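Source file: entry_36.cif (mmCIF, C-alpha atoms and all ligand atoms)
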data_query
#
loop_
_atom_site.label_atom_id
_atom_site.label_comp_id
_atom_site.auth_asym_id
_atom_site.auth_seq_id
_atom_site.Cartn_x
_atom_site.Cartn_y
_atom_site.Cartn_z
CA MET A 1117 39.01 -36.31 10.05
CA ALA A 1118 36.45 -33.71 9.03
CA LEU A 1119 36.46 -30.88 6.53
CA CYS A 1120 36.02 -27.21 7.47
CA LYS A 1121 32.57 -25.99 6.40
CA ASN A 1122 34.05 -22.55 5.80
CA CYS A 1123 37.26 -23.16 3.84
CA GLY A 1124 37.33 -26.91 3.21
CA ALA A 1125 40.60 -27.55 5.07
CA ARG A 1126 41.08 -30.84 6.91
CA ILE A 1127 40.43 -30.62 10.65
CA ALA A 1128 41.44 -33.09 13.36
CA ASP A 1129 38.43 -34.68 15.13
CA GLU A 1130 39.21 -33.04 18.48
CA ALA A 1131 39.70 -29.52 17.06
CA THR A 1132 37.13 -26.86 17.99
CA VAL A 1133 38.34 -24.28 15.46
CA CYS A 1134 39.67 -24.70 11.93
CA PRO A 1135 43.52 -24.50 11.93
CA SER A 1136 43.45 -22.87 8.50
CA CYS A 1137 40.77 -20.14 8.71
CA GLY A 1138 39.83 -20.12 12.40
CA ALA A 1139 36.13 -20.83 11.83
CA PRO A 1140 34.48 -22.66 14.73
CA VAL A 1141 33.81 -26.35 14.13
CA THR A 1142 30.12 -27.15 14.59
CA SER A 1143 28.32 -30.47 14.54
CA THR A 1144 25.53 -31.24 12.10
CA ALA A 1145 23.03 -31.11 14.98
CA GLU A 1146 24.23 -27.64 15.99
CA ASP A 1147 23.99 -26.50 12.37
CA PHE A 1148 20.45 -27.83 12.20
CA PHE A 1149 19.35 -25.96 15.33
CA ASP A 1150 21.10 -22.79 14.09
CA LYS A 1151 19.11 -23.05 10.85
CA VAL A 1152 15.86 -23.52 12.79
CA LYS A 1153 16.69 -20.48 14.94
CA ASP A 1154 17.55 -18.48 11.80
CA LEU A 1155 14.11 -19.30 10.41
CA ASN A 1156 12.53 -17.41 13.30
CA ASN A 1157 15.05 -14.58 12.95
CA THR A 1158 12.47 -12.50 11.06
CA ALA A 1159 11.70 -8.79 10.74
CA ASP A 1160 10.38 -7.25 13.95
CA THR A 1161 8.59 -3.94 13.33
CA THR A 1162 7.10 -3.55 16.81
CA TYR A 1163 8.66 -0.06 17.02
CA ALA A 1164 6.38 1.11 14.18
CA TYR A 1165 3.21 0.56 16.23
CA HIS A 1166 1.79 2.82 18.89
CA PRO A 1167 2.22 1.26 22.38
CA GLN A 1168 -1.38 2.19 23.19
CA ASP A 1169 -2.59 0.38 20.06
CA VAL A 1170 -0.51 -2.70 20.89
CA GLN A 1171 -1.68 -2.71 24.49
CA SER A 1172 -5.39 -2.48 23.75
CA ASN A 1173 -5.45 -4.84 20.73
CA ARG A 1174 -3.37 -7.77 21.89
CA VAL A 1175 -6.40 -10.06 22.26
CA MET A 1176 -7.63 -9.06 18.79
CA ALA A 1177 -4.16 -9.85 17.41
CA VAL A 1178 -4.21 -13.32 19.03
CA LEU A 1179 -7.64 -14.07 17.50
CA ALA A 1180 -6.10 -13.56 14.04
CA TYR A 1181 -4.42 -16.98 14.34
CA LEU A 1182 -7.46 -18.91 15.57
CA SER A 1183 -9.09 -20.09 12.33
CA TRP A 1184 -12.42 -18.35 11.56
CA LEU A 1185 -12.12 -16.20 14.71
CA VAL A 1186 -9.92 -13.98 12.50
CA LEU A 1187 -13.25 -12.46 11.40
CA ILE A 1188 -13.55 -10.75 14.80
CA PRO A 1189 -10.44 -8.53 14.45
CA ILE A 1190 -11.18 -8.00 10.73
CA PHE A 1191 -14.40 -6.23 11.71
CA ALA A 1192 -13.85 -5.17 15.32
CA ALA A 1193 -10.27 -3.88 15.07
CA LYS A 1194 -10.34 -2.27 11.64
CA ASP A 1195 -8.61 0.86 12.91
CA SER A 1196 -5.81 -0.92 14.74
CA PRO A 1197 -2.62 -1.16 12.66
CA TYR A 1198 -1.28 -3.67 15.21
CA ALA A 1199 -4.30 -5.97 14.87
CA ARG A 1200 -4.15 -5.57 11.07
CA PHE A 1201 -0.54 -6.72 11.06
CA HIS A 1202 -1.54 -9.97 12.76
CA VAL A 1203 -4.77 -10.36 10.77
CA ASN A 1204 -2.66 -10.23 7.61
CA GLN A 1205 -0.38 -12.98 8.90
CA GLY A 1206 -3.30 -15.08 10.16
CA LEU A 1207 -4.99 -14.84 6.75
CA VAL A 1208 -1.82 -15.69 4.82
CA LEU A 1209 -1.31 -18.69 7.09
CA ALA A 1210 -4.93 -19.83 6.63
CA ILE A 1211 -4.76 -19.49 2.83
CA VAL A 1212 -1.46 -21.38 2.58
CA GLU A 1213 -2.93 -24.06 4.85
CA VAL A 1214 -6.04 -24.51 2.67
CA ILE A 1215 -3.95 -24.70 -0.53
CA TRP A 1216 -1.62 -27.17 1.15
CA GLY A 1217 -4.60 -29.26 2.30
CA ILE A 1218 -6.03 -29.47 -1.24
CA PHE A 1219 -2.60 -30.34 -2.61
CA ALA A 1220 -2.13 -33.05 0.06
CA ALA A 1221 -5.60 -34.50 -0.66
CA ILE A 1222 -4.90 -34.71 -4.41
CA ALA A 1223 -1.44 -36.17 -3.81
CA GLY A 1224 -2.99 -38.68 -1.39
CA GLU A 1225 -5.40 -39.85 -4.10
CA LEU A 1226 -2.47 -40.60 -6.37
CA LEU A 1227 -0.19 -42.11 -3.76
CA TRP A 1228 -1.41 -42.60 -0.19
CA PHE A 1229 2.09 -42.37 1.23
CA LEU A 1230 2.67 -38.96 -0.36
CA GLY A 1231 -0.63 -37.74 1.11
CA PHE A 1232 0.44 -39.03 4.50
CA VAL A 1233 3.78 -37.20 4.32
CA LEU A 1234 2.14 -33.96 3.17
CA ASP A 1235 -0.40 -34.23 6.00
CA LEU A 1236 2.53 -33.79 8.39
CA GLY A 1237 2.58 -30.21 7.12
CA SER A 1238 -0.29 -29.57 9.53
CA ILE A 1239 2.28 -29.80 12.35
CA VAL A 1240 4.22 -26.95 10.71
CA PHE A 1241 1.03 -24.88 10.44
CA ALA A 1242 0.24 -25.52 14.11
CA VAL A 1243 3.76 -24.40 15.09
CA LEU A 1244 3.46 -21.25 12.96
CA SER A 1245 0.09 -20.43 14.58
CA ILE A 1246 1.60 -20.84 18.04
CA ILE A 1247 4.53 -18.56 17.13
CA GLY A 1248 2.04 -15.98 15.85
CA ILE A 1249 -0.10 -16.23 18.99
CA VAL A 1250 2.94 -15.84 21.25
CA ASN A 1251 4.16 -12.78 19.32
CA ALA A 1252 0.68 -11.23 19.28
CA ALA A 1253 0.19 -11.78 23.01
CA LYS A 1254 3.64 -10.39 23.82
CA GLY A 1255 2.79 -7.23 21.90
CA ARG A 1256 5.29 -7.84 19.13
CA ALA A 1257 4.78 -7.15 15.43
CA LYS A 1258 7.20 -9.84 14.34
CA GLU A 1259 6.93 -11.70 11.05
CA LEU A 1260 6.25 -15.42 11.02
CA PRO A 1261 8.98 -17.66 9.63
CA VAL A 1262 8.77 -18.32 5.86
CA ILE A 1263 5.29 -16.90 5.19
CA GLY A 1264 5.46 -13.68 7.22
CA ARG A 1265 6.75 -11.52 4.39
CA PHE A 1266 3.58 -11.90 2.32
CA ARG A 1267 1.11 -9.02 2.50
CA ILE A 1268 -2.52 -9.32 1.47
CA LEU A 1269 -3.76 -6.36 3.54
CA LYS A 1270 -2.56 -2.80 3.32
ZN ZN A 1301 38.53 -23.34 7.66
#
Mind converting the file's structure to structure tokens?
Amino acid sequence: MALCKNCGARIADEATVCPSCGAPVTSTAEDFFDKVKDLNNTADTTYAYHPQDVQSNRVMAVLAYLSWLVLIPIFAAKDSPYARFHVNQGLVLAIVEVIWGIFAAIAGELLWFLGFVLDLGSIVFAVLSIIGIVNAAKGRAKELPVIGRFRILK
């Protein structure tokens, strides 16, 4: 016997919809994957960029996520709004990563296990970089999960 996540009514184990409110019954694993998918359900403002700009600055946009190579689009693609969009995200990601690294190092000094756990954050940063690279290469101005809403460039 489970409880409906929508209305709290009791649901038989074999039921696929709630008998009380009709909400579909989902497993915890399905909920988890839905949440992960929702995280990448971010604002996509590709329409606001000129197709010509997107087309000719895709490589510059990809460089924005490759550590210090972000310097190349900062200087070489100053006039490309599309490259600037990705430079902004690459910089925000890099700054958050540095702050996280310092935090993890300090925490690791206090308690090695905590430092170890926080170091796993680097996996998250790698995944975010890959998402950014894929979007940039596809010609999409889509925000990164979680950090994409922050703007440090105009
Ligand atoms: Zn229900």
query: Mind listing as an MDAnalysis selection string all residues within 12 Å of (-3.7, -24.0, 5.2), counting only C-alpha atoms?
result: chainID A and resid 1181 1183 1206:1220 1234:1235 1237:1242 1244:1245 1263
message: Can you work out which residues are within 9 Å of ligand ZN 1301 (chain A), considering only C-alpha atoms and all ligand atoms, and then hand them over as JSON, numbers by chain?
response: {"A": [1119, 1120, 1121, 1122, 1123, 1124, 1125, 1126, 1127, 1133, 1134, 1135, 1136, 1137, 1138, 1139, 1140, 1141]}
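Picture a line from atom CA of Asn1156 of chain A to atom CA of Ala1223 of chain A; it runs 29.0 Å.
Across the structure, atom CA of Val1250 of chain A and atom CA of Asp1147 of chain A are spaced 25.2 Å apart.
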- request: For atom CA of Ala1221 of chain A and atom CA of Leu1236 of chain A, determine how far apart the two atoms are, in Å to one decimal place.
  value: 12.2 Å
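Each of A:Ala1253, A:Ala1159, A:Leu1187, A:Ala1118 was checked against Val1203 of chain A using all atoms listed in the file; the smallest atom-to-atom distance is that of A:Leu1187.
In this comparison, which uses all atoms listed in the file, the residue of A:Val1152, A:Ala1257, A:Ile1247, A:Leu1227 approaching Pro1197 of chain A most closely is A:Ala1257.
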As a short mmCIF file (atom, residue, chain, number, x, y, z; two decimals), in the frame of the given file, could you write out segment 1255-1267 of chain A once it has been completed with N, CA and C atoms?
data_model
loop_
_atom_site.label_atom_id
_atom_site.label_comp_id
_atom_site.auth_asym_id
_atom_site.auth_seq_id
_atom_site.Cartn_x
_atom_site.Cartn_y
_atom_site.Cartn_z
N GLY A 1255 2.80 -8.59 22.41
CA GLY A 1255 2.79 -7.23 21.90
C GLY A 1255 3.87 -6.97 20.88
N ARG A 1256 4.23 -8.01 20.13
CA ARG A 1256 5.29 -7.84 19.13
C ARG A 1256 4.75 -7.98 17.72
N ALA A 1257 5.14 -7.07 16.85
CA ALA A 1257 4.78 -7.15 15.43
C ALA A 1257 5.96 -7.80 14.71
N LYS A 1258 6.06 -9.10 14.90
CA LYS A 1258 7.20 -9.84 14.34
C LYS A 1258 6.68 -10.79 13.27
N GLU A 1259 7.38 -10.84 12.15
CA GLU A 1259 6.93 -11.70 11.05
C GLU A 1259 7.08 -13.18 11.39
N LEU A 1260 6.15 -13.97 10.89
CA LEU A 1260 6.25 -15.42 11.02
C LEU A 1260 7.37 -15.93 10.13
N PRO A 1261 8.00 -17.07 10.53
CA PRO A 1261 8.98 -17.66 9.63
C PRO A 1261 8.34 -17.99 8.27
N VAL A 1262 9.10 -17.90 7.23
CA VAL A 1262 8.77 -18.32 5.86
C VAL A 1262 7.62 -17.52 5.22
N ILE A 1263 6.43 -17.51 5.85
CA ILE A 1263 5.29 -16.90 5.19
C ILE A 1263 5.05 -15.46 5.60
N GLY A 1264 5.76 -14.98 6.63
CA GLY A 1264 5.46 -13.68 7.22
C GLY A 1264 5.67 -12.48 6.32
N ARG A 1265 6.45 -12.67 5.24
CA ARG A 1265 6.75 -11.52 4.39
C ARG A 1265 5.63 -11.21 3.41
N PHE A 1266 4.67 -12.13 3.28
CA PHE A 1266 3.58 -11.90 2.32
C PHE A 1266 2.54 -10.95 2.90
N ARG A 1267 2.10 -10.02 2.07
CA ARG A 1267 1.11 -9.02 2.50
C ARG A 1267 -0.13 -9.15 1.63
#
